[in-house]
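A.B. asks: Coordinates in entry28.cif, mmCIF, C-alpha atoms and all ligand atoms, are listed below.
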```cif
data_coords
#
loop_
_atom_site.label_atom_id
_atom_site.label_comp_id
_atom_site.auth_asym_id
_atom_site.auth_seq_id
_atom_site.Cartn_x
_atom_site.Cartn_y
_atom_site.Cartn_z
CA MET A 28 31.36 -30.21 67.53
CA ASN A 29 31.52 -26.48 66.87
CA VAL A 30 30.96 -25.50 63.26
CA VAL A 31 31.10 -22.22 61.39
CA VAL A 32 29.14 -21.55 58.22
CA VAL A 33 30.39 -18.66 56.10
CA GLY A 34 29.53 -17.29 52.69
CA ALA A 35 32.40 -17.56 50.22
CA GLN A 36 31.15 -15.02 47.64
CA TRP A 37 29.18 -11.79 48.06
CA GLY A 38 26.50 -13.07 50.40
CA ASP A 39 23.16 -14.69 49.56
CA GLU A 40 24.89 -17.99 48.83
CA GLY A 41 22.06 -19.89 50.47
CA LYS A 42 23.54 -20.04 53.97
CA GLY A 43 20.02 -19.84 55.38
CA LYS A 44 19.08 -23.23 53.96
CA LEU A 45 22.35 -24.93 54.92
CA ILE A 46 22.17 -23.49 58.43
CA ASP A 47 18.58 -24.64 58.73
CA ILE A 48 19.68 -28.18 57.88
CA LEU A 49 22.83 -28.19 60.04
CA SER A 50 21.19 -26.54 63.03
CA GLU A 51 19.17 -29.71 63.59
CA HIS A 52 22.43 -31.23 64.86
CA ALA A 53 23.49 -28.20 66.90
CA ASP A 54 22.30 -27.23 70.36
CA ILE A 55 23.00 -23.54 69.89
CA THR A 56 23.11 -21.32 66.80
CA VAL A 57 24.96 -18.01 67.00
CA ARG A 58 25.14 -14.87 64.86
CA TYR A 59 28.52 -13.14 65.21
CA GLN A 60 28.53 -10.09 62.93
CA GLY A 61 26.41 -7.83 60.75
CA GLY A 62 22.92 -6.72 61.59
CA ASN A 63 19.53 -6.56 59.94
CA ASN A 64 21.21 -5.76 56.63
CA ALA A 65 21.35 -9.56 56.31
CA GLY A 66 18.48 -11.59 54.98
CA HIS A 67 18.26 -15.37 55.27
CA THR A 68 15.47 -17.15 53.48
CA VAL A 69 14.33 -20.53 54.72
CA VAL A 70 11.54 -22.60 53.18
CA VAL A 71 9.83 -25.13 55.42
CA GLY A 72 7.01 -27.05 53.79
CA GLU A 73 4.99 -24.45 51.96
CA LYS A 74 6.02 -21.65 54.30
CA GLU A 75 8.80 -19.17 53.58
CA TYR A 76 10.56 -17.35 56.42
CA ILE A 77 12.95 -14.45 56.02
CA PHE A 78 15.28 -13.75 58.94
CA HIS A 79 17.35 -10.59 59.42
CA LEU A 80 18.69 -10.80 62.99
CA ILE A 81 17.37 -13.90 64.71
CA PRO A 82 19.08 -17.15 63.68
CA SER A 83 16.71 -19.30 61.65
CA ALA A 84 17.25 -22.16 64.11
CA ILE A 85 14.51 -20.51 66.16
CA LEU A 86 12.20 -22.60 63.94
CA HIS A 87 13.49 -25.72 65.67
CA LYS A 88 11.83 -25.93 69.06
CA LYS A 89 14.21 -26.41 72.00
CA LYS A 90 17.24 -25.04 70.14
CA VAL A 91 18.92 -21.97 71.58
CA CYS A 92 19.69 -18.95 69.39
CA VAL A 93 22.28 -16.36 70.34
CA ILE A 94 23.16 -12.92 69.01
CA GLY A 95 26.81 -12.31 69.85
CA ASN A 96 28.63 -9.11 70.78
CA GLY A 97 29.90 -8.62 67.22
CA VAL A 98 26.41 -8.04 65.86
CA VAL A 99 24.84 -4.60 65.72
CA ILE A 100 21.25 -4.70 66.88
CA ASP A 101 18.44 -2.45 65.78
CA PRO A 102 16.01 -3.07 68.65
CA LYS A 103 13.04 -1.87 66.64
CA ALA A 104 13.84 -4.37 63.88
CA LEU A 105 14.56 -7.15 66.36
CA LEU A 106 11.31 -6.65 68.26
CA GLY A 107 9.50 -6.49 64.91
CA GLU A 108 11.01 -9.83 63.95
CA ILE A 109 9.98 -11.37 67.27
CA GLU A 110 6.47 -10.02 66.73
CA GLY A 111 6.40 -11.36 63.15
CA LEU A 112 7.37 -14.84 64.34
CA LYS A 113 4.67 -14.70 66.99
CA LYS A 114 2.12 -14.09 64.24
CA LYS A 115 3.37 -17.29 62.58
CA LYS A 116 2.88 -19.10 65.89
CA ILE A 117 6.56 -19.19 66.83
CA GLU A 118 7.14 -17.96 70.34
CA VAL A 119 10.59 -16.49 71.07
CA LYS A 120 11.15 -17.49 74.69
CA ALA A 121 13.95 -16.14 76.89
CA SER A 122 15.17 -19.69 77.50
CA GLN A 123 15.65 -20.07 73.78
CA PHE A 124 17.00 -16.69 72.74
CA LYS A 125 19.96 -14.73 74.18
CA ILE A 126 21.50 -11.45 73.12
CA SER A 127 24.84 -10.08 74.19
CA GLY A 128 24.83 -7.03 76.44
CA LEU A 129 28.00 -5.95 74.64
CA ALA A 130 26.41 -5.79 71.20
CA HIS A 131 26.10 -2.27 69.83
CA VAL A 132 22.74 -0.68 69.22
CA VAL A 133 21.62 0.86 65.95
CA MET A 134 20.16 4.30 66.72
CA PRO A 135 17.79 6.40 64.57
CA TYR A 136 20.66 8.73 63.63
CA HIS A 137 22.64 5.76 62.25
CA ARG A 138 19.87 4.84 59.86
CA ILE A 139 19.48 8.42 58.65
CA LEU A 140 23.23 8.96 58.37
CA ASP A 141 23.59 5.81 56.23
CA GLY A 142 21.27 7.33 53.65
CA LEU A 143 22.72 10.84 53.84
CA ARG A 144 26.30 9.64 53.44
CA GLU A 145 25.35 7.46 50.50
CA SER A 146 23.56 10.34 48.79
CA LYS A 147 26.61 12.60 49.18
CA ARG A 148 28.97 10.04 47.63
CA LYS A 149 29.78 10.11 43.94
CA THR A 150 30.55 6.38 43.97
CA LYS A 151 27.70 4.68 45.75
CA ILE A 152 28.25 1.59 47.88
CA GLY A 153 24.72 0.34 47.51
CA THR A 154 24.16 0.09 51.26
CA THR A 155 20.96 -1.52 52.49
CA GLY A 156 20.47 1.69 54.47
CA ARG A 157 19.90 -0.04 57.80
CA GLY A 158 22.43 2.10 59.68
CA ILE A 159 24.91 -0.77 60.01
CA GLY A 160 28.01 1.14 58.79
CA PRO A 161 27.47 4.23 60.99
CA CYS A 162 26.76 2.01 64.01
CA TYR A 163 30.04 0.10 63.59
CA ALA A 164 31.80 3.43 62.99
CA ASP A 165 30.57 4.68 66.39
CA LYS A 166 31.67 1.43 68.02
CA VAL A 167 35.21 1.98 66.80
CA ALA A 168 35.07 5.70 67.57
CA ARG A 169 34.16 4.72 71.15
CA CYS A 170 30.88 6.60 71.28
CA GLY A 171 28.55 3.66 70.61
CA ILE A 172 25.66 2.64 72.80
CA ARG A 173 25.56 -1.00 73.82
CA VAL A 174 22.59 -3.24 74.55
CA ILE A 175 23.43 -3.33 78.27
CA ASP A 176 23.24 0.50 78.37
CA LEU A 177 19.54 0.31 77.52
CA LEU A 178 18.97 -1.17 80.97
CA ASN A 179 20.61 1.73 82.80
CA PRO A 180 18.71 5.03 82.42
CA ARG A 181 21.57 7.10 83.85
CA ILE A 182 24.21 5.71 81.49
CA LEU A 183 21.93 5.79 78.48
CA LYS A 184 21.18 9.42 79.25
CA THR A 185 24.83 10.54 79.35
CA LYS A 186 25.79 8.53 76.29
CA LEU A 187 22.83 9.72 74.26
CA GLN A 188 23.41 13.33 75.32
CA ASP A 189 27.06 13.12 74.25
CA ASN A 190 26.11 11.57 70.94
CA LEU A 191 23.39 14.06 70.15
CA ALA A 192 25.59 17.03 71.10
CA GLU A 193 27.95 16.02 68.32
CA LYS A 194 25.54 14.47 65.85
CA ASN A 195 22.94 17.21 65.90
CA ASP A 196 25.68 19.68 64.90
CA ILE A 197 26.75 17.41 62.06
CA PHE A 198 23.19 16.87 60.90
CA ALA A 199 22.44 20.60 60.91
CA GLU A 200 25.73 21.99 59.58
CA VAL A 201 26.84 19.30 57.14
CA TYR A 202 23.58 17.85 55.92
CA GLY A 203 21.13 20.69 56.61
CA GLN A 204 18.83 18.25 58.40
CA LYS A 205 16.57 18.76 61.35
CA GLN A 206 17.96 17.81 64.74
CA PHE A 207 17.08 14.77 66.83
CA SER A 208 15.11 15.11 70.01
CA PHE A 209 16.82 13.68 73.06
CA ALA A 210 13.60 13.10 74.94
CA SER A 211 11.88 10.98 72.33
CA ILE A 212 14.89 8.76 71.54
CA TYR A 213 15.63 8.34 75.24
CA LYS A 214 12.09 7.24 75.96
CA GLU A 215 11.92 4.96 72.92
CA TYR A 216 15.19 3.17 73.71
CA LEU A 217 14.49 2.72 77.42
CA GLU A 218 11.31 1.03 76.33
CA TYR A 219 13.29 -1.26 74.00
CA GLY A 220 15.57 -2.08 76.90
CA ARG A 221 12.57 -3.16 78.98
CA SER A 222 11.29 -5.38 76.16
CA LEU A 223 14.67 -6.98 75.47
CA LYS A 224 15.75 -7.39 79.09
CA PRO A 225 14.75 -11.05 79.45
CA TYR A 226 17.04 -11.97 76.56
CA ILE A 227 20.13 -9.96 77.53
CA CYS A 228 23.07 -11.82 79.07
CA ASP A 229 26.83 -12.41 78.93
CA THR A 230 26.73 -14.56 75.81
CA ALA A 231 30.52 -15.17 75.80
CA LEU A 232 30.21 -16.77 79.21
CA TYR A 233 27.09 -18.66 78.19
CA LEU A 234 28.72 -20.07 75.03
CA ASN A 235 32.00 -21.07 76.67
CA GLN A 236 30.17 -22.83 79.48
CA ALA A 237 28.02 -24.59 76.90
CA ILE A 238 31.15 -25.77 75.10
CA ASP A 239 32.59 -26.99 78.39
CA SER A 240 29.50 -29.11 78.89
CA LYS A 241 29.92 -30.59 75.39
CA LYS A 242 27.09 -28.75 73.70
CA SER A 243 27.52 -28.25 69.98
CA ILE A 244 27.46 -24.81 68.46
CA LEU A 245 26.78 -23.56 64.97
CA PHE A 246 28.14 -20.14 64.11
CA GLU A 247 26.06 -18.49 61.43
CA GLY A 248 27.86 -16.03 59.17
CA ALA A 249 25.99 -13.21 57.51
CA GLN A 250 26.95 -11.62 54.19
CA GLY A 251 30.00 -13.16 52.50
CA THR A 252 33.78 -13.14 52.32
CA PHE A 253 33.96 -10.46 49.62
CA LEU A 254 31.79 -8.14 51.67
CA ASP A 255 34.24 -8.45 54.59
CA ILE A 256 35.55 -5.10 55.81
CA ASP A 257 39.20 -6.26 55.47
CA PHE A 258 39.24 -8.84 52.69
CA GLY A 259 36.25 -7.78 50.61
CA THR A 260 36.12 -5.50 47.59
CA TYR A 261 36.59 -2.38 49.72
CA PRO A 262 34.90 0.11 49.85
CA PHE A 263 31.99 -1.86 48.38
CA VAL A 264 31.72 -4.00 51.49
CA THR A 265 29.80 -4.21 54.71
CA SER A 266 31.29 -2.88 57.95
CA SER A 267 32.06 -6.10 59.80
CA ASN A 268 34.32 -9.16 59.54
CA SER A 269 32.11 -11.63 57.73
CA ILE A 270 35.00 -14.10 57.36
CA VAL A 271 35.53 -16.90 59.85
CA GLY A 272 37.83 -14.66 61.91
CA GLY A 273 34.77 -12.65 62.91
CA VAL A 274 33.56 -15.56 65.02
CA CYS A 275 36.20 -15.12 67.70
CA SER A 276 35.93 -11.37 68.16
CA GLY A 277 32.19 -11.46 67.61
CA THR A 278 31.34 -14.10 70.22
CA GLY A 279 34.26 -14.45 72.63
CA VAL A 280 34.83 -18.06 71.59
CA ALA A 281 38.49 -18.82 70.91
CA PRO A 282 39.74 -20.32 67.62
CA THR A 283 41.01 -23.40 69.49
CA ARG A 284 37.39 -24.29 70.22
CA ILE A 285 36.23 -24.29 66.61
CA ASP A 286 36.23 -27.69 64.92
CA ARG A 287 35.02 -27.17 61.35
CA VAL A 288 34.46 -24.46 58.79
CA ILE A 289 31.87 -25.00 56.09
CA ALA A 290 31.37 -22.48 53.33
CA CYS A 291 28.47 -21.89 51.02
CA VAL A 292 28.70 -20.87 47.39
CA LYS A 293 26.16 -20.64 44.64
CA ALA A 294 26.75 -22.73 41.50
CA TYR A 295 27.08 -19.31 39.84
CA THR A 296 27.73 -15.84 41.34
CA THR A 297 25.51 -12.99 42.48
CA ARG A 298 26.06 -9.64 44.05
CA VAL A 299 23.62 -7.04 45.33
CA GLY A 300 24.80 -3.45 45.58
CA GLU A 301 27.63 -1.74 43.79
CA GLY A 302 31.27 -2.76 43.28
CA PRO A 303 33.46 -4.84 40.96
CA PHE A 304 32.13 -8.17 39.69
CA PRO A 305 34.43 -9.59 37.00
CA THR A 306 32.22 -12.49 35.86
CA GLU A 307 28.94 -10.54 35.72
CA PHE A 308 26.72 -11.50 32.77
CA SER A 309 26.47 -8.89 30.08
CA THR A 310 23.86 -10.76 28.06
CA GLY A 311 20.26 -11.90 28.46
CA LEU A 312 21.53 -14.64 30.76
CA LYS A 313 21.36 -12.04 33.51
CA GLU A 314 17.55 -11.95 33.34
CA GLU A 315 17.26 -15.69 32.80
CA ILE A 316 19.29 -16.65 35.86
CA ARG A 317 17.76 -13.90 37.98
CA ALA A 318 14.29 -15.19 37.21
CA LYS A 319 15.14 -18.87 37.69
CA GLY A 320 17.12 -18.31 40.86
CA ASN A 321 14.67 -15.69 42.16
CA GLU A 322 17.63 -13.38 42.61
CA PHE A 323 16.13 -10.46 44.47
CA GLY A 324 17.55 -9.15 47.76
CA ALA A 325 15.85 -10.63 50.84
CA THR A 326 16.30 -7.35 52.72
CA THR A 327 15.74 -4.67 50.09
CA GLY A 328 14.05 -6.55 47.24
CA ARG A 329 16.67 -5.18 44.82
CA PRO A 330 17.41 -7.33 41.77
CA ARG A 331 20.72 -9.13 42.29
CA ARG A 332 23.47 -8.92 39.70
CA CYS A 333 24.29 -12.38 38.32
CA GLY A 334 27.32 -13.98 36.65
CA TRP A 335 29.36 -17.14 36.10
CA PHE A 336 31.12 -19.05 38.87
CA ASP A 337 34.44 -17.40 39.70
CA SER A 338 37.01 -19.92 40.95
CA VAL A 339 39.65 -17.20 41.48
CA LEU A 340 37.38 -15.51 43.97
CA VAL A 341 36.24 -18.65 45.77
CA ARG A 342 39.76 -20.11 45.96
CA TYR A 343 40.78 -17.01 47.88
CA SER A 344 37.82 -17.57 50.23
CA VAL A 345 38.86 -21.17 50.78
CA MET A 346 42.22 -19.87 51.96
CA ILE A 347 41.01 -16.96 54.11
CA ASN A 348 38.39 -19.07 55.88
CA GLY A 349 40.36 -22.32 56.11
CA ILE A 350 37.36 -24.08 54.63
CA ASP A 351 36.98 -27.82 55.35
CA ASP A 352 33.84 -28.52 53.33
CA LEU A 353 32.05 -26.61 50.64
CA ALA A 354 28.33 -26.53 49.89
CA ILE A 355 27.29 -25.75 46.31
CA MET A 356 23.83 -24.21 46.39
CA LYS A 357 21.23 -23.67 43.67
CA LEU A 358 22.77 -26.09 41.18
CA ASP A 359 19.27 -26.56 39.69
CA VAL A 360 19.23 -22.94 38.51
CA LEU A 361 21.76 -23.98 35.82
CA ASP A 362 19.67 -26.99 34.69
CA ASP A 363 18.58 -25.56 31.33
CA LEU A 364 21.85 -24.01 30.17
CA LYS A 365 23.43 -25.31 26.98
CA GLU A 366 26.91 -24.25 27.99
CA ILE A 367 28.42 -23.30 31.34
CA HIS A 368 31.48 -21.15 31.97
CA ILE A 369 33.86 -21.24 34.91
CA CYS A 370 36.26 -18.35 35.47
CA THR A 371 39.78 -19.68 36.08
CA GLY A 372 41.78 -16.46 35.93
CA TYR A 373 41.69 -12.73 35.19
CA ARG A 374 43.49 -10.90 32.45
CA TYR A 375 44.54 -7.29 32.94
CA LYS A 376 46.83 -5.35 30.58
CA GLY A 377 48.14 -8.58 29.04
CA LYS A 378 48.96 -10.11 32.42
CA LEU A 379 47.24 -13.26 33.71
CA PHE A 380 46.12 -13.37 37.35
CA HIS A 381 45.41 -16.65 39.12
CA ASP A 382 45.01 -15.10 42.54
CA PHE A 383 42.50 -12.51 43.62
CA PRO A 384 44.11 -9.10 43.01
CA MET A 385 44.48 -6.58 45.80
CA ASP A 386 44.55 -3.58 43.48
CA PHE A 387 41.11 -2.17 42.94
CA GLU A 388 42.11 -0.88 39.50
CA VAL A 389 43.03 -4.42 38.38
CA LEU A 390 39.90 -5.96 39.83
CA SER A 391 37.60 -3.35 38.29
CA ASN A 392 39.04 -3.83 34.80
CA ALA A 393 39.96 -7.52 34.89
CA LYS A 394 38.66 -9.63 32.01
CA PRO A 395 37.74 -13.11 33.17
CA VAL A 396 39.35 -16.13 31.50
CA TYR A 397 36.77 -18.88 31.04
CA GLU A 398 36.73 -22.62 30.76
CA ARG A 399 33.62 -23.82 28.91
CA ALA A 400 31.73 -27.03 29.44
CA PRO A 401 28.47 -28.42 28.03
CA GLY A 402 25.43 -28.11 30.34
CA TRP A 403 23.25 -31.08 31.39
CA GLN A 404 19.90 -29.71 30.24
CA SER A 405 17.75 -31.85 32.50
CA SER A 406 16.19 -31.31 35.90
CA THR A 407 18.26 -32.06 39.00
CA ARG A 408 15.56 -31.13 41.52
CA GLY A 409 14.40 -34.62 42.39
CA ILE A 410 17.90 -36.04 42.75
CA ARG A 411 19.22 -37.00 46.21
CA LYS A 412 22.45 -38.85 45.32
CA PHE A 413 25.53 -37.43 43.66
CA GLU A 414 25.89 -40.47 41.38
CA LYS A 415 22.36 -39.91 40.07
CA LEU A 416 23.14 -36.39 38.86
CA PRO A 417 23.49 -35.98 35.08
CA VAL A 418 27.07 -36.77 34.06
CA ASN A 419 27.78 -33.19 33.01
CA ALA A 420 26.56 -31.90 36.37
CA GLN A 421 28.89 -34.35 38.14
CA LYS A 422 31.71 -33.18 35.90
CA TYR A 423 30.93 -29.54 36.74
CA ILE A 424 31.04 -30.22 40.48
CA ASN A 425 34.22 -32.28 40.18
CA ARG A 426 35.88 -29.57 38.12
CA LEU A 427 35.02 -26.94 40.75
CA GLN A 428 36.39 -29.22 43.43
CA ALA A 429 39.68 -29.58 41.54
CA LEU A 430 39.98 -25.85 40.89
CA LEU A 431 39.16 -24.89 44.48
CA LYS A 432 41.14 -27.68 46.13
CA VAL A 433 38.44 -28.30 48.70
CA ARG A 434 35.91 -31.08 49.26
CA ILE A 435 32.41 -30.37 47.97
CA LYS A 436 30.29 -32.19 50.49
CA TYR A 437 26.84 -30.67 50.04
CA ILE A 438 24.87 -29.87 46.89
CA SER A 439 21.55 -28.09 46.94
CA VAL A 440 19.12 -28.62 44.05
CA GLY A 441 16.12 -26.56 45.14
CA SER A 442 14.84 -24.28 47.88
CA LYS A 443 13.05 -26.92 49.97
CA ARG A 444 14.75 -28.63 52.92
CA ASP A 445 14.93 -32.05 51.26
CA GLU A 446 16.19 -30.85 47.87
CA PHE A 447 19.69 -31.57 49.04
CA ILE A 448 22.55 -34.02 48.40
CA VAL A 449 25.15 -35.01 50.99
CA ARG A 450 28.23 -36.71 49.57
P1 LIG A 501 25.45 -2.31 54.26
O1 LIG A 501 26.13 -3.34 55.08
O2 LIG A 501 23.96 -2.33 54.42
O3 LIG A 501 26.02 -0.93 54.44
O4 LIG A 501 25.72 -2.67 52.73
C1 LIG A 501 27.01 -2.67 52.19
C2 LIG A 501 27.09 -3.61 51.00
O5 LIG A 501 26.91 -4.94 51.44
C3 LIG A 501 26.01 -3.38 49.92
O6 LIG A 501 26.55 -3.72 48.67
C4 LIG A 501 24.94 -4.37 50.31
O7 LIG A 501 24.13 -4.73 49.20
C5 LIG A 501 25.78 -5.54 50.78
N1 LIG A 501 25.09 -6.38 51.76
C6 LIG A 501 24.86 -6.12 53.06
N2 LIG A 501 24.24 -7.15 53.64
C7 LIG A 501 24.08 -8.09 52.70
C8 LIG A 501 23.52 -9.41 52.70
O8 LIG A 501 23.06 -9.94 53.71
N3 LIG A 501 23.56 -10.07 51.51
C9 LIG A 501 24.10 -9.54 50.41
N4 LIG A 501 24.63 -8.32 50.35
C10 LIG A 501 24.63 -7.60 51.49
MG MG A 502 20.87 -12.78 52.08
#
```
Spit out the file's structure as structure tokens when you get a sec.

C.D. replies:
Amino acid sequence: MNVVVVGAQWGDEGKGKLIDILSEHADITVRYQGGNNAGHTVVVGEKEYIFHLIPSAILHKKKVCVIGNGVVIDPKALLGEIEGLKKKKIEVKASQFKISGLAHVVMPYHRILDGLRESKRKTKIGTTGRGIGPCYADKVARCGIRVIDLLNPRILKTKLQDNLAEKNDIFAEVYGQKQFSFASIYKEYLEYGRSLKPYICDTALYLNQAIDSKKSILFEGAQGTFLDIDFGTYPFVTSSNSIVGGVCSGTGVAPTRIDRVIACVKAYTTRVGEGPFPTEFSTGLKEEIRAKGNEFGATTGRPRRCGWFDSVLVRYSVMINGIDDLAIMKLDVLDDLKEIHICTGYRYKGKLFHDFPMDFEVLSNAKPVYERAPGWQSSTRGIRKFEKLPVNAQKYINRLQALLKVRIKYISVGSKRDEFIVR
């Protein structure tokens, strides 16, 4: 069975935990888009692990982890992550970890350009500054450097020379910055190529052969549907297709070979970075939920913006991703609330919207329409069966299910592996 897990909000839905649980039943876990802008937090026993590029399934011995062609790889960050795991006694062996030769490489000038572009903009995007956007831009502009190029000194040389000829002019003339040295980048990246060589392969071939031999694959989405370059709240988005469609172009596995799509949402909403967020809290609830849910970015440490559950937004995700099952994460964070709101529509200039609006103007000024329900005001953390949840918590979940028209199969009530309900 080949399963995709995507985020149905703005990322940080808790995909890391769900993937950690589901990957026990998968032979191979694959990343298909994004880069080390992502941050997945997994808690095992008393230990917390934060992953940026490597799928968290690496924690399960004997499982294979793959980074597909749709991902952009910062080799320095990747090797740092491998090193970090080694320190925690987790060896990343070549038999267990594969990266696509076709994946594009994040270069030093991408990281710098990310920051420079952001500082020149009047409306900030709130980028994580990892060089992800500029790297994808070069991929589309056909001047990117791919992982496989790091193994061929002659090709790397020509490509890097071409890039620097253009980029050094831009850096000097447009940004008044000092120029990049060919020699040092060339040397540094050839070295990365040598370190990564054992892991590099044709991952599309590897995955399709694995499917032929009845292996099961878990595709691990990064970010979330509303950070998707096409369907997200553009331009406040990331530069890849974080929706389920990204799987096919980002791994070379065809849609006919995908069996199930599972999406993750939080029991409320968060967003890190700039951009519209209709249900964002304006009151002290913001601090309360942020503290209880530990809502700080796993990559940048920035405080996340918090708000009520938005069924307009998630219903759109259910459609775009063809979601079969939904996982509601962090339900326990709402345990103490007296009253809970669910957004069921937006109002803009007297008009009621039940579907996610395309017009940025509408979205930015939309006033959410709320349904209110009493909270349950008791702890859900020890509960392992849906029927044992407080009645008001069951009602909340059932109401979301009705509004979203999708089955809610998983409910998470804490950060640990076993704080989890399967319906
Ligand atoms: P970038 O992809 O680093 O350029 O960031 C673009 C936008 O996506 C910013 O608002 C980031 O905060 C957001 N973003 C990128 N990666 C993640 C993630 O893994 N979780 C949540 N937000 C993210
Ligand atoms: Mg995250």

A.B. asks: Hey, what's within 9 Å of A:Thr155 if we count all atoms listed in the file and toss same-chain stuff fewer than 4 positions away? As a ChimeraX atom specification, please?

C.D. replies: /A:64-65,141-142,159,300,326-327

A.B. asks: Can I get the residues close to ligand LIG 501 (chain A) as a PyMOL selection string, where close means within 9 Å and we count only C-alpha atoms and all ligand atoms?

C.D. replies: chain A and resi 37-40+61-67+79+141+151-161+249-251+254-255+262-267+297-302+324-327+329+331

A.B. asks: Output the selection as an mmCIF file, in the frame of the given file - C-alpha atoms for each residue.

C.D. replies:
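Writing the result to out09.cif gives the following:
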```cif
data_model
loop_
_atom_site.group_PDB
_atom_site.id
_atom_site.type_symbol
_atom_site.label_atom_id
_atom_site.label_comp_id
_atom_site.auth_asym_id
_atom_site.auth_seq_id
_atom_site.Cartn_x
_atom_site.Cartn_y
_atom_site.Cartn_z
ATOM 1 C CA TRP A 37 29.180 -11.790 48.060
ATOM 2 C CA GLY A 38 26.500 -13.070 50.400
ATOM 3 C CA ASP A 39 23.160 -14.690 49.560
ATOM 4 C CA GLU A 40 24.890 -17.990 48.830
ATOM 5 C CA GLY A 61 26.410 -7.830 60.750
ATOM 6 C CA GLY A 62 22.920 -6.720 61.590
ATOM 7 C CA ASN A 63 19.530 -6.560 59.940
ATOM 8 C CA ASN A 64 21.210 -5.760 56.630
ATOM 9 C CA ALA A 65 21.350 -9.560 56.310
ATOM 10 C CA GLY A 66 18.480 -11.590 54.980
ATOM 11 C CA HIS A 67 18.260 -15.370 55.270
ATOM 12 C CA HIS A 79 17.350 -10.590 59.420
ATOM 13 C CA ASP A 141 23.590 5.810 56.230
ATOM 14 C CA LYS A 151 27.700 4.680 45.750
ATOM 15 C CA ILE A 152 28.250 1.590 47.880
ATOM 16 C CA GLY A 153 24.720 0.340 47.510
ATOM 17 C CA THR A 154 24.160 0.090 51.260
ATOM 18 C CA THR A 155 20.960 -1.520 52.490
ATOM 19 C CA GLY A 156 20.470 1.690 54.470
ATOM 20 C CA ARG A 157 19.900 -0.040 57.800
ATOM 21 C CA GLY A 158 22.430 2.100 59.680
ATOM 22 C CA ILE A 159 24.910 -0.770 60.010
ATOM 23 C CA GLY A 160 28.010 1.140 58.790
ATOM 24 C CA PRO A 161 27.470 4.230 60.990
ATOM 25 C CA ALA A 249 25.990 -13.210 57.510
ATOM 26 C CA GLN A 250 26.950 -11.620 54.190
ATOM 27 C CA GLY A 251 30.000 -13.160 52.500
ATOM 28 C CA LEU A 254 31.790 -8.140 51.670
ATOM 29 C CA ASP A 255 34.240 -8.450 54.590
ATOM 30 C CA PRO A 262 34.900 0.110 49.850
ATOM 31 C CA PHE A 263 31.990 -1.860 48.380
ATOM 32 C CA VAL A 264 31.720 -4.000 51.490
ATOM 33 C CA THR A 265 29.800 -4.210 54.710
ATOM 34 C CA SER A 266 31.290 -2.880 57.950
ATOM 35 C CA SER A 267 32.060 -6.100 59.800
ATOM 36 C CA THR A 297 25.510 -12.990 42.480
ATOM 37 C CA ARG A 298 26.060 -9.640 44.050
ATOM 38 C CA VAL A 299 23.620 -7.040 45.330
ATOM 39 C CA GLY A 300 24.800 -3.450 45.580
ATOM 40 C CA GLU A 301 27.630 -1.740 43.790
ATOM 41 C CA GLY A 302 31.270 -2.760 43.280
ATOM 42 C CA GLY A 324 17.550 -9.150 47.760
ATOM 43 C CA ALA A 325 15.850 -10.630 50.840
ATOM 44 C CA THR A 326 16.300 -7.350 52.720
ATOM 45 C CA THR A 327 15.740 -4.670 50.090
ATOM 46 C CA ARG A 329 16.670 -5.180 44.820
ATOM 47 C CA ARG A 331 20.720 -9.130 42.290
#
```

A.B. asks: Could you work out how far atom CA of A:Gln60 lies from atom CA of A:Ile100, giving the answer in Å with one decimal?

C.D. replies: 9.9 Å

A.B. asks: How far is it from atom CA of A:Phe198 to atom CA of A:Arg144, in Å with one decimal?

C.D. replies: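 Taking atom CA of A:Phe198 as the start and atom CA of A:Arg144 as the end point, the length is 10.8 Å.
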
A.B. asks: For ligand MG 502 (chain A), which residue among A:Trp403, A:Tyr226, A:Phe323, A:Phe336 is the nearest when counting only C-alpha atoms and all ligand atoms?

C.D. replies: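 With only C-alpha atoms and all ligand atoms as the atom set, the closest residue is A:Phe323.
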
A.B. asks: Name the closest residue to ligand MG 502 (chain A) among the candidates A:Cys291, A:Val132, A:Leu245, A:Ile227; distances are taken between atoms, counting all atoms listed in the file.

C.D. replies: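 Checking each candidate against ligand MG 502 (chain A), we get A:Cys291 as the closest.
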
A.B. asks: Select, from A:Val91, A:Glu108, A:Thr283, A:Gly248, the residue with the minimum atom-to-atom distance to ligand MG 502 (chain A), counting only C-alpha atoms and all ligand atoms.

C.D. replies: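 For ligand MG 502 (chain A), the nearest of the candidates is A:Gly248.
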
A.B. asks: Using all atoms listed in the file, list the residues that have an atom at most 10 Å from (21.2, -14.1, 74.4), coordinates as in the file, as a list in words.

C.D. replies: Val57, Val91, Cys92, Val93, Ile94, Gly95, Asn96, Ala121, Ser122, Gln123, Phe124, Lys125, Ile126, Ser127, Gly128, Leu223, Lys224, Pro225, Tyr226, Ile227, Cys228, Asp229, Thr230, Ala231, Tyr233 and Leu234 of chain A

A.B. asks: What does the distance between atom CA of A:Lys293 and atom CA of A:Ile81 come to in Å, to one decimal place?

C.D. replies: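 Straight-line distance from atom CA of A:Lys293 to atom CA of A:Ile81 works out to 22.9 Å.
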
A.B. asks: Counting all atoms listed in the file, figure out which residue out of A:Gly328, A:Lys241, A:Lys412, A:Tyr261 gets nearest to ligand MG 502 (chain A).

C.D. replies: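 For ligand MG 502 (chain A), the nearest of the given residues is A:Gly328.
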
A.B. asks: Can you list, as number ranges by chain, every protein, DNA or RNA residue that comes within 10 Å of A:Leu427 when you count only C-alpha atoms, leaving out same-chain residues fewer than 2 positions away?

C.D. replies: A: 294, 336-338, 341-342, 355, 369, 371, 421-425, 429-435
